[in-house]
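Text of protein.tsv, listed as TSV, C-alpha atoms and all ligand atoms:
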chain	number	residue	atom	x	y	z
A	1	MET	CA	53.41	-47.28	-71.07
A	2	ASP	CA	55.08	-46.49	-67.71
A	3	LYS	CA	58.47	-47.17	-69.33
A	4	ASN	CA	57.79	-44.80	-72.25
A	5	TYR	CA	56.90	-41.92	-69.93
A	6	MET	CA	59.92	-42.65	-67.74
A	7	LEU	CA	62.13	-42.61	-70.85
A	8	LYS	CA	60.69	-39.20	-71.65
A	9	ALA	CA	61.47	-38.00	-68.11
A	10	ILE	CA	65.05	-39.28	-68.54
A	11	GLU	CA	65.33	-37.55	-71.91
A	12	ILE	CA	64.26	-34.13	-70.69
A	13	SER	CA	66.35	-34.39	-67.53
A	14	LYS	CA	69.43	-34.40	-69.80
A	15	LEU	CA	68.69	-30.81	-70.82
A	16	GLY	CA	70.18	-29.87	-67.44
A	17	SER	CA	73.43	-31.73	-68.21
A	18	GLY	CA	76.48	-29.73	-67.14
A	19	PHE	CA	74.48	-27.14	-65.19
A	20	VAL	CA	73.01	-28.96	-62.17
A	21	ASN	CA	76.17	-30.49	-60.61
A	22	PRO	CA	76.44	-31.52	-57.83
A	23	LYS	CA	72.66	-31.98	-57.88
A	24	PRO	CA	71.06	-34.84	-59.86
A	25	LEU	CA	69.57	-34.64	-63.36
A	26	VAL	CA	65.80	-34.59	-62.82
A	27	GLY	CA	63.00	-34.81	-65.36
A	28	ALA	CA	59.26	-34.85	-64.55
A	29	ILE	CA	56.34	-35.65	-66.83
A	30	ILE	CA	52.65	-35.28	-65.93
A	31	VAL	CA	50.33	-37.63	-67.81
A	32	LYS	CA	46.53	-37.62	-67.93
A	33	ASP	CA	44.32	-39.83	-70.11
A	34	SER	CA	47.43	-41.10	-71.91
A	35	LYS	CA	48.47	-37.57	-72.82
A	36	VAL	CA	51.45	-35.56	-71.54
A	37	ILE	CA	49.94	-32.42	-69.99
A	38	GLY	CA	53.01	-31.00	-68.29
A	39	GLN	CA	56.75	-31.44	-68.10
A	40	GLY	CA	59.77	-29.96	-66.39
A	41	TYR	CA	63.43	-30.55	-65.63
A	42	LEU	CA	66.05	-29.19	-63.29
A	43	LYS	CA	67.65	-26.47	-65.41
A	44	ASN	CA	70.51	-25.49	-63.18
A	45	PHE	CA	71.71	-25.66	-59.61
A	46	ASP	CA	69.48	-22.80	-58.36
A	47	SER	CA	66.44	-23.16	-60.62
A	48	LEU	CA	62.88	-24.23	-59.88
A	49	SER	CA	62.53	-27.95	-59.29
A	50	ALA	CA	61.51	-30.25	-62.16
A	51	ILE	CA	58.22	-30.97	-60.35
A	52	ASN	CA	57.46	-27.28	-59.92
A	53	MET	CA	58.19	-26.60	-63.58
A	54	ALA	CA	56.01	-29.53	-64.67
A	55	ILE	CA	53.12	-28.39	-62.45
A	56	ASN	CA	53.40	-24.80	-63.71
A	57	SER	CA	53.40	-25.98	-67.33
A	58	ALA	CA	50.28	-28.17	-67.00
A	59	THR	CA	47.76	-27.48	-69.74
A	60	GLU	CA	44.85	-29.17	-67.94
A	61	SER	CA	43.67	-29.72	-64.37
A	62	LEU	CA	45.84	-32.16	-62.46
A	63	ASP	CA	42.88	-34.32	-61.30
A	64	ASN	CA	43.49	-38.01	-62.04
A	65	SER	CA	46.94	-37.35	-63.45
A	66	THR	CA	50.18	-39.26	-62.84
A	67	LEU	CA	53.64	-37.79	-62.32
A	68	TYR	CA	56.68	-39.66	-63.70
A	69	ILE	CA	60.04	-38.69	-62.28
A	70	ASN	CA	63.44	-40.36	-62.73
A	71	ILE	CA	64.68	-39.93	-59.13
A	72	GLU	CA	63.11	-39.52	-55.69
A	73	SER	CA	62.78	-35.80	-55.06
A	74	ASP	CA	61.37	-33.29	-52.63
A	75	PHE	CA	57.63	-33.79	-53.25
A	76	LYS	CA	56.41	-30.86	-51.11
A	77	GLU	CA	54.86	-28.97	-54.06
A	78	LEU	CA	53.16	-32.10	-55.31
A	79	LEU	CA	51.30	-32.53	-51.99
A	80	GLU	CA	49.50	-29.24	-52.69
A	81	THR	CA	48.06	-30.58	-55.98
A	82	ASN	CA	45.50	-33.24	-56.92
A	83	ILE	CA	48.11	-35.60	-58.34
A	84	LYS	CA	47.40	-38.93	-56.70
A	85	ASN	CA	49.81	-41.24	-58.56
A	86	VAL	CA	53.56	-40.97	-58.73
A	87	VAL	CA	55.98	-43.22	-60.65
A	88	VAL	CA	59.61	-42.97	-59.53
A	89	GLY	CA	62.67	-44.40	-61.32
A	90	THR	CA	65.11	-44.76	-58.46
A	91	LEU	CA	65.74	-43.71	-54.87
A	92	ASP	CA	67.91	-40.74	-53.96
A	93	PRO	CA	70.65	-42.10	-51.63
A	94	ILE	CA	70.40	-38.99	-49.43
A	95	LYS	CA	66.60	-39.00	-49.13
A	96	ASN	CA	66.75	-42.79	-48.85
A	97	GLY	CA	63.02	-43.41	-49.35
A	98	GLN	CA	61.80	-40.80	-46.85
A	99	GLU	CA	60.11	-38.73	-49.57
A	100	ILE	CA	58.39	-41.85	-50.90
A	101	GLU	CA	57.07	-42.54	-47.39
A	102	THR	CA	55.75	-38.98	-47.15
A	103	LEU	CA	53.82	-39.47	-50.40
A	104	LYS	CA	52.31	-42.72	-49.15
A	105	THR	CA	51.31	-41.22	-45.80
A	106	ASN	CA	49.48	-38.52	-47.73
A	107	GLY	CA	47.43	-41.11	-49.62
A	108	ILE	CA	49.40	-40.94	-52.87
A	109	SER	CA	50.03	-44.19	-54.69
A	110	VAL	CA	53.69	-44.73	-55.57
A	111	THR	CA	55.27	-47.11	-58.08
A	112	LEU	CA	59.03	-47.39	-57.59
A	113	GLY	CA	61.77	-48.83	-59.80
A	114	ILE	CA	60.52	-48.25	-63.36
A	115	LEU	CA	63.68	-48.28	-65.57
A	116	LYS	CA	65.72	-48.36	-62.36
A	117	GLU	CA	69.00	-49.30	-64.07
A	118	GLU	CA	68.70	-46.56	-66.71
A	119	CYS	CA	67.80	-44.01	-64.01
A	120	GLU	CA	70.79	-45.07	-61.91
A	121	GLU	CA	73.19	-44.79	-64.86
A	122	LEU	CA	71.77	-41.38	-65.73
A	123	ASN	CA	72.66	-40.15	-62.25
A	124	GLU	CA	75.73	-42.29	-61.55
A	125	ILE	CA	77.72	-39.12	-60.82
A	126	TYR	CA	75.20	-37.83	-58.29
A	127	ILE	CA	74.68	-41.23	-56.64
A	128	HIS	CA	78.43	-41.83	-56.25
A	129	TYR	CA	79.14	-38.32	-54.97
A	130	SER	CA	76.23	-38.45	-52.47
A	131	LYS	CA	77.57	-41.68	-51.01
A	132	THR	CA	81.31	-40.87	-50.95
A	133	ASN	CA	81.75	-37.07	-51.16
A	134	THR	CA	84.44	-37.80	-53.77
A	135	PRO	CA	84.02	-37.32	-57.51
A	136	PHE	CA	82.85	-40.08	-59.82
A	137	VAL	CA	86.00	-40.70	-61.87
A	138	PHE	CA	86.03	-41.84	-65.44
A	139	THR	CA	88.78	-42.11	-68.01
A	140	LYS	CA	88.54	-41.88	-71.75
A	141	TRP	CA	91.32	-42.41	-74.23
A	142	ALA	CA	91.55	-42.97	-77.95
A	143	MET	CA	93.95	-45.64	-79.13
A	144	THR	CA	94.96	-47.19	-82.42
A	145	LEU	CA	94.19	-50.78	-83.34
A	146	ASP	CA	97.75	-51.66	-82.27
A	147	GLY	CA	97.13	-50.20	-78.82
A	148	LYS	CA	98.97	-46.87	-79.02
A	149	LEU	CA	97.99	-43.57	-77.42
A	150	ALA	CA	100.31	-41.51	-79.65
A	151	THR	CA	103.09	-42.02	-82.20
A	152	LYS	CA	106.73	-42.31	-81.15
A	153	THR	CA	106.97	-38.50	-81.59
A	154	TYR	CA	104.00	-38.07	-79.17
A	155	ASP	CA	101.61	-37.05	-81.95
A	156	SER	CA	98.01	-38.03	-81.17
A	157	LYS	CA	96.00	-35.60	-83.27
A	158	TRP	CA	93.86	-37.25	-84.31
A	159	ILE	CA	93.59	-40.92	-83.55
A	160	SER	CA	89.81	-41.04	-83.53
A	161	SER	CA	87.19	-39.96	-86.05
A	162	ASP	CA	85.36	-36.61	-86.00
A	163	ASP	CA	82.25	-38.36	-84.65
A	164	SER	CA	84.07	-39.79	-81.65
A	165	LEU	CA	85.66	-36.39	-81.02
A	166	LYS	CA	82.08	-35.07	-80.71
A	167	PHE	CA	81.40	-37.84	-78.19
A	168	VAL	CA	84.34	-36.50	-76.13
A	169	HIS	CA	82.73	-33.07	-76.02
A	170	HIS	CA	79.46	-34.61	-74.79
A	171	LEU	CA	81.44	-36.24	-71.96
A	172	ARG	CA	83.09	-32.91	-71.14
A	173	GLN	CA	79.64	-31.29	-70.98
A	174	GLN	CA	78.54	-33.68	-68.21
A	175	VAL	CA	81.39	-33.25	-65.77
A	176	SER	CA	82.57	-30.72	-63.21
A	177	ALA	CA	86.26	-31.23	-63.95
A	178	ILE	CA	88.56	-32.59	-66.64
A	179	MET	CA	92.17	-33.62	-65.97
A	180	VAL	CA	95.31	-34.08	-68.06
A	181	GLY	CA	98.98	-34.38	-67.18
A	182	GLU	CA	101.81	-31.94	-67.72
A	183	ASN	CA	103.18	-33.72	-70.81
A	184	THR	CA	99.81	-33.65	-72.52
A	185	VAL	CA	99.71	-29.89	-72.04
A	186	LYS	CA	103.22	-29.62	-73.52
A	187	GLN	CA	102.63	-31.98	-76.44
A	188	ASP	CA	99.04	-31.19	-77.44
A	189	ASN	CA	98.41	-27.72	-76.01
A	190	PRO	CA	94.71	-28.65	-75.49
A	191	MET	CA	91.96	-26.12	-74.72
A	192	LEU	CA	90.04	-28.69	-72.62
A	193	THR	CA	86.82	-26.79	-73.29
A	194	THR	CA	83.49	-28.16	-74.46
A	195	ARG	CA	82.79	-27.48	-78.11
A	196	LEU	CA	79.32	-28.53	-79.27
A	197	GLU	CA	76.93	-26.82	-81.63
A	198	GLY	CA	73.28	-26.05	-80.94
A	199	ILE	CA	73.32	-26.33	-77.14
A	200	LYS	CA	74.30	-24.11	-74.24
A	201	ILE	CA	77.86	-25.03	-73.26
A	202	SER	CA	79.19	-25.74	-69.81
A	203	ASN	CA	82.99	-25.87	-69.58
A	204	PRO	CA	84.43	-28.15	-66.89
A	205	LEU	CA	87.13	-26.93	-64.51
A	206	ARG	CA	90.47	-27.73	-66.19
A	207	VAL	CA	92.68	-29.62	-63.76
A	208	ILE	CA	96.34	-30.16	-64.62
A	209	LEU	CA	98.60	-32.57	-62.79
A	210	SER	CA	102.04	-30.96	-62.78
A	211	LYS	CA	104.27	-31.78	-59.82
A	212	TYR	CA	106.50	-28.72	-60.01
A	213	GLY	CA	104.39	-26.45	-62.25
A	214	ASP	CA	106.70	-26.86	-65.22
A	215	LEU	CA	104.14	-25.66	-67.77
A	216	PRO	CA	104.49	-23.24	-70.72
A	217	LEU	CA	102.68	-20.10	-69.59
A	218	ASP	CA	101.39	-19.40	-73.10
A	219	SER	CA	99.50	-22.74	-73.12
A	220	ASN	CA	95.81	-22.71	-74.01
A	221	ILE	CA	94.92	-23.91	-70.51
A	222	PHE	CA	96.07	-20.52	-69.23
A	223	LYS	CA	93.54	-18.69	-71.41
A	224	ILE	CA	91.24	-18.01	-68.50
A	225	ASP	CA	87.97	-16.08	-68.28
A	226	LYS	CA	84.74	-16.36	-66.34
A	227	ASP	CA	83.73	-19.59	-68.13
A	228	LYS	CA	87.13	-21.19	-68.38
A	229	LYS	CA	88.95	-21.89	-65.15
A	230	THR	CA	92.14	-23.80	-64.48
A	231	LEU	CA	93.45	-25.52	-61.38
A	232	ILE	CA	97.03	-26.77	-61.20
A	233	LEU	CA	97.68	-29.68	-58.83
A	234	CYS	CA	101.27	-29.67	-57.66
A	235	SER	CA	103.63	-30.68	-54.90
A	236	SER	CA	104.04	-28.60	-51.77
A	237	LYS	CA	107.72	-28.48	-52.86
A	238	ILE	CA	106.94	-26.33	-55.92
A	239	GLN	CA	109.31	-23.36	-56.21
A	240	LYS	CA	107.80	-20.07	-54.99
A	241	SER	CA	108.79	-18.34	-58.25
A	242	LYS	CA	106.93	-20.97	-60.36
A	243	GLU	CA	103.91	-20.68	-58.11
A	244	LYS	CA	103.85	-16.90	-58.55
A	245	GLU	CA	104.12	-17.14	-62.35
A	246	ILE	CA	101.20	-19.55	-62.50
A	247	LEU	CA	99.01	-17.53	-60.13
A	248	LYS	CA	99.62	-14.45	-62.31
A	249	THR	CA	97.80	-16.17	-65.21
A	250	GLY	CA	94.63	-16.37	-63.09
A	251	ALA	CA	94.92	-20.14	-62.59
A	252	LYS	CA	94.54	-21.53	-59.08
A	253	ILE	CA	96.95	-23.91	-57.38
A	254	LEU	CA	96.23	-26.76	-55.01
A	255	LYS	CA	99.27	-28.19	-53.24
A	256	PHE	CA	99.71	-31.72	-51.91
A	257	GLU	CA	102.37	-33.47	-49.87
A	258	GLU	CA	104.34	-35.87	-52.05
A	259	LYS	CA	103.99	-39.57	-51.26
A	260	ASN	CA	106.66	-41.80	-52.83
A	261	GLY	CA	107.61	-38.92	-55.10
A	262	HIS	CA	104.08	-38.50	-56.48
A	263	LEU	CA	100.82	-36.78	-55.62
A	264	ASP	CA	98.43	-39.30	-54.13
A	265	PHE	CA	95.25	-39.59	-56.21
A	266	LYS	CA	93.25	-40.44	-53.07
A	267	ASP	CA	94.28	-37.08	-51.60
A	268	ILE	CA	93.40	-35.44	-54.91
A	269	ILE	CA	89.86	-36.79	-55.14
A	270	THR	CA	89.22	-36.03	-51.45
A	271	ALA	CA	90.27	-32.40	-52.01
A	272	LEU	CA	88.24	-32.09	-55.23
A	273	GLY	CA	85.17	-33.61	-53.53
A	274	ASN	CA	85.46	-31.11	-50.70
A	275	ASN	CA	85.39	-28.39	-53.35
A	276	ASN	CA	82.03	-29.56	-54.77
A	277	ILE	CA	83.60	-31.39	-57.72
A	278	ASP	CA	81.25	-34.34	-58.17
A	279	SER	CA	82.85	-35.75	-61.34
A	280	LEU	CA	86.34	-35.98	-62.80
A	281	TYR	CA	87.08	-36.95	-66.38
A	282	ILE	CA	90.71	-38.01	-66.81
A	283	GLU	CA	91.67	-37.65	-70.45
A	284	GLY	CA	95.33	-38.71	-70.20
A	285	GLY	CA	98.12	-39.10	-70.90
A	286	SER	CA	99.68	-42.40	-70.20
A	287	ALA	CA	101.48	-41.53	-66.92
A	288	VAL	CA	98.46	-39.85	-65.33
A	289	LEU	CA	96.17	-42.74	-66.32
A	290	ALA	CA	98.66	-45.23	-64.83
A	291	SER	CA	98.79	-43.27	-61.60
A	292	ALA	CA	94.97	-43.09	-61.42
A	293	PHE	CA	94.53	-46.84	-62.02
A	294	GLU	CA	97.30	-47.69	-59.53
A	295	SER	CA	95.46	-45.62	-56.90
A	296	LYS	CA	92.22	-47.54	-57.62
A	297	ILE	CA	90.14	-44.37	-57.91
A	298	VAL	CA	88.72	-44.97	-61.40
A	299	ASN	CA	85.02	-45.89	-61.57
A	300	LYS	CA	84.36	-46.07	-65.28
A	301	VAL	CA	86.40	-46.48	-68.44
A	302	TYR	CA	85.72	-45.43	-72.02
A	303	ALA	CA	88.23	-46.51	-74.64
A	304	ALA	CA	87.88	-45.56	-78.28
A	305	VAL	CA	89.63	-47.98	-80.62
A	306	ALA	CA	90.36	-46.51	-84.05
A	307	PRO	CA	91.06	-48.73	-87.08
A	308	LYS	CA	94.57	-47.32	-87.58
A	309	ILE	CA	97.97	-48.92	-87.08
A	310	ILE	CA	101.03	-46.82	-86.23
A	311	GLY	CA	103.59	-49.22	-84.74
A	312	GLY	CA	106.77	-48.29	-82.91
A	313	LYS	CA	107.97	-49.92	-79.71
A	314	ASN	CA	108.55	-46.45	-78.26
A	315	ALA	CA	105.06	-45.23	-79.07
A	316	ILE	CA	103.20	-44.93	-75.75
A	317	THR	CA	100.27	-47.10	-74.73
A	318	PRO	CA	97.23	-45.78	-72.79
A	319	VAL	CA	98.42	-46.87	-69.34
A	320	SER	CA	102.15	-46.77	-68.53
A	321	GLY	CA	103.56	-47.01	-64.99
A	322	ASN	CA	105.07	-50.23	-63.66
A	323	GLY	CA	102.30	-52.53	-64.79
A	324	ILE	CA	101.49	-55.90	-63.26
A	325	GLU	CA	103.30	-59.21	-63.55
A	326	LYS	CA	100.47	-61.71	-63.78
A	327	MET	CA	97.23	-61.65	-65.80
A	328	ARG	CA	95.34	-62.75	-62.70
A	329	ASP	CA	96.06	-59.28	-61.24
A	330	ALA	CA	94.59	-57.41	-64.24
A	331	ILE	CA	91.89	-54.81	-63.65
A	332	VAL	CA	88.77	-56.43	-65.10
A	333	LEU	CA	85.88	-54.24	-66.21
A	334	ASN	CA	82.28	-55.23	-65.61
A	335	LYS	CA	78.96	-54.25	-67.22
A	336	VAL	CA	80.93	-53.95	-70.47
A	337	SER	CA	79.22	-52.61	-73.58
A	338	HIS	CA	80.30	-51.09	-76.85
A	339	GLU	CA	79.02	-48.87	-79.60
A	340	ILE	CA	80.39	-47.90	-82.98
A	341	ILE	CA	80.80	-44.18	-83.55
A	342	GLY	CA	82.09	-43.17	-86.96
A	343	ASN	CA	84.76	-45.79	-87.68
A	344	ASP	CA	85.71	-46.26	-84.03
A	345	VAL	CA	84.55	-48.79	-81.47
A	346	ILE	CA	83.89	-47.20	-78.08
A	347	ILE	CA	84.18	-49.72	-75.26
A	348	LYS	CA	82.59	-48.82	-71.95
A	349	GLY	CA	82.87	-50.62	-68.63
A	350	TYR	CA	82.93	-50.16	-64.88
A	351	ILE	CA	85.47	-50.94	-62.19
A	352	SER	CA	83.84	-52.02	-58.95
B	1	LIG	N1	95.02	-40.56	-77.47
B	1	LIG	C1	94.51	-39.99	-76.41
B	1	LIG	O1	93.35	-40.17	-76.04
B	1	LIG	C2	95.39	-39.08	-75.60
B	1	LIG	C3	94.85	-38.34	-74.52
B	1	LIG	C4	95.71	-37.54	-73.77
B	1	LIG	C5	97.06	-37.50	-74.07
B	1	LIG	N2	97.54	-38.22	-75.11
B	1	LIG	C6	98.97	-38.23	-75.45
B	1	LIG	O2	99.68	-38.66	-74.30
B	1	LIG	C7	100.99	-38.13	-74.36
B	1	LIG	C8	101.36	-37.62	-72.98
B	1	LIG	O3	101.33	-38.68	-72.07
B	1	LIG	P1	102.51	-38.86	-71.00
B	1	LIG	O4	102.30	-40.15	-70.32
B	1	LIG	O5	103.79	-38.61	-71.67
B	1	LIG	O6	102.27	-37.63	-70.04
B	1	LIG	P2	101.07	-37.15	-69.08
B	1	LIG	O7	100.44	-38.33	-68.43
B	1	LIG	O8	100.20	-36.21	-69.83
B	1	LIG	O9	101.87	-36.29	-68.03
B	1	LIG	C9	102.95	-36.87	-67.37
B	1	LIG	C10	103.35	-36.00	-66.24
B	1	LIG	O10	102.40	-36.10	-65.21
B	1	LIG	C11	103.09	-36.41	-64.02
B	1	LIG	N3	102.28	-37.25	-63.16
B	1	LIG	C12	101.55	-38.33	-63.47
B	1	LIG	N4	100.96	-38.83	-62.37
B	1	LIG	C13	101.37	-38.05	-61.35
B	1	LIG	C14	101.11	-38.03	-59.97
B	1	LIG	N5	100.30	-38.93	-59.40
B	1	LIG	N6	101.69	-37.08	-59.21
B	1	LIG	C15	102.50	-36.17	-59.77
B	1	LIG	N7	102.78	-36.10	-61.08
B	1	LIG	C16	102.22	-37.04	-61.85
B	1	LIG	C17	104.35	-37.13	-64.45
B	1	LIG	O11	105.28	-36.98	-63.43
B	1	LIG	P3	106.43	-38.08	-63.20
B	1	LIG	O12	107.29	-38.01	-64.43
B	1	LIG	O13	107.09	-37.65	-61.96
B	1	LIG	O14	105.74	-39.41	-63.09
B	1	LIG	C18	104.69	-36.38	-65.72
B	1	LIG	O15	105.40	-35.21	-65.42
B	1	LIG	C19	100.99	-37.06	-75.43
B	1	LIG	O16	101.64	-37.57	-76.58
B	1	LIG	C20	99.53	-36.87	-75.75
B	1	LIG	O17	99.34	-36.55	-77.12
B	1	LIG	C21	96.74	-39.02	-75.89
Since I need it in another form, could you write the structure as structure tokens?
Ligand SMILES: NC(=O)c1ccc[n+]([C@@H]2O[C@H](COP(=O)([O-])OP(=O)(O)OC[C@H]3O[C@@H](n4cnc5c(N)ncnc54)[C@H](OP(=O)(O)O)[C@@H]3O)[C@@H](O)[C@H]2O)c1
Amino acid sequence: MDKNYMLKAIEISKLGSGFVNPKPLVGAIIVKDSKVIGQGYLKNFDSLSAINMAINSATESLDNSTLYINIESDFKELLETNIKNVVVGTLDPIKNGQEIETLKTNGISVTLGILKEECEELNEIYIHYSKTNTPFVFTKWAMTLDGKLATKTYDSKWISSDDSLKFVHHLRQQVSAIMVGENTVKQDNPMLTTRLEGIKISNPLRVILSKYGDLPLDSNIFKIDKDKKTLILCSSKIQKSKEKEILKTGAKILKFEEKNGHLDFKDIITALGNNNIDSLYIEGGSAVLASAFESKIVNKVYAAVAPKIIGGKNAITPVSGNGIEKMRDAIVLNKVSHEIIGNDVIIKGYIS
């Protein structure tokens, strides 16, 4: 039963997805006599805590009830109630068990580690950011069965099915920032916004890697308003006139010293982390993905494989760059899993 209630806590925590960053997703369920009598979740960065919301929503007295929560939290409000049992999914790396100790010292029984793995995956962004102060980085690309990211004319709309395009928008909803390279802006003119029906949308910060700001100023990424913001990452050698043109659109610029003719991804994630960006979703293209993998900053990979064949030795593959010489040096993913969405296979794995 503990697992079922924890699953419910995980489920409702996801309602905060896209709005709580850089805080964790938190869901709390209060159960009494095998019945859920209260529930709450962290709605956004400044809202009431999940525990507070669950307590306020309780339909019965809290005597002999149990609270289920996916991650260790500030339990202050709980100490003022009659809840005497607490079930926690996983520890918060910042609180590091101190809140659990406080509960125990106040005579509250604590069970820790129910659905620990699921709770950790749910908050992998928060856990990584708390430990490193740099964003959790994941990549996602769609490729054909013959391993191409686009045709030889750079056409990639659309490799994957409508259902996996929806999956992309769910990923965008979860993150603080999404990144593409200059060529992707030129070839695809993407909006890089989240488009999902039936839920409140959170658009990630659009981050464009463009060494010298050579971007068409009528691109969709420059359609900026209070919900859609754009940051251009460029070299400190960018021409003043280019810089001015870009700033006029309302986009912001972050400049980096070039290292071996490129921007260093380690510098990039440090700067983004210092600006409260807890998660970065790199969508492509091939050159940016190569640069990210070469810098060893990628934590998680999603690859959608579509049952289509396009051929062409000049058609680009997902990761360009110099590549390696020997298979023994390949980046090997771990905790690999897959699911089928529409006609596509989505492969997921981690890089440790
Ligand atoms: N199927 C998919 O999922 C998907 C997703 C996105 C894009 N795409 C496709 O990918 C294609 C574009 O890919 P692409 O490889 O040509 O271009 P890209 O990766 O979008 O952009 C390349 C640009 O980024 C710059 N860049 C990369 N890493 C850099 C770094 N560390 N510092 C500074 N600049 C850096 C490159 O500069 P340098 O030239 O100096 O290296 C180059 O100017 C398009 O056809 C698009 O449709 C497909």
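Here atom CA of A:Gly213 stands at a distance of 16.6 Å from atom CA of A:Gly285.
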Worksheet item: Could you name the residues that touch A:Ala177 at 12 Å or less, counting only C-alpha atoms, but leaving out those on the same chain fewer than 4 positions away, as a ChimeraX atom specification?
Response: /A:18,21-22,135-139,171-173,192-194,202-208,228-232,269,272-273,275-283
Worksheet item: Hey, what's within 6 Å of stretch 307-309 of chain A if we count all atoms listed in the file and toss same-chain stuff fewer than 5 positions away? As number ranges by chain, please?
Response: A: 144-146
Item to complete: Between A:Ala58, A:Val298, A:Leu15, A:Leu149, single out the one closest to ligand LIG 1 (chain B), counting all atoms listed in the file.
Response: A:Leu149
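For A:Ile246, the non-local neighbours within 8 Å, defined as residues at least 5 positions apart in the same chain or in other chains and counting all atoms listed in the file, are A:Gly213, A:Leu217, A:Ala251, A:Lys252, A:Ile253.
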Considering only C-alpha atoms, return as a compact mmCIF listing (two decimals) with C-alpha atoms, in the frame of the given file whatever protein or nucleic-acid residues lie within 12 Å of A:Asn96, sequence-local ones (same chain, fewer than 6 positions apart) excluded.
# COMPACT_ATOMS: atom_id res chain seq x y z
CA ILE A 71 64.68 -39.93 -59.13
CA GLU A 72 63.11 -39.52 -55.69
CA SER A 73 62.78 -35.80 -55.06
CA ASP A 74 61.37 -33.29 -52.63
CA THR A 90 65.11 -44.76 -58.46
CA THR A 102 55.75 -38.98 -47.15
CA ILE A 127 74.68 -41.23 -56.64
CA SER A 130 76.23 -38.45 -52.47
CA LYS A 131 77.57 -41.68 -51.01
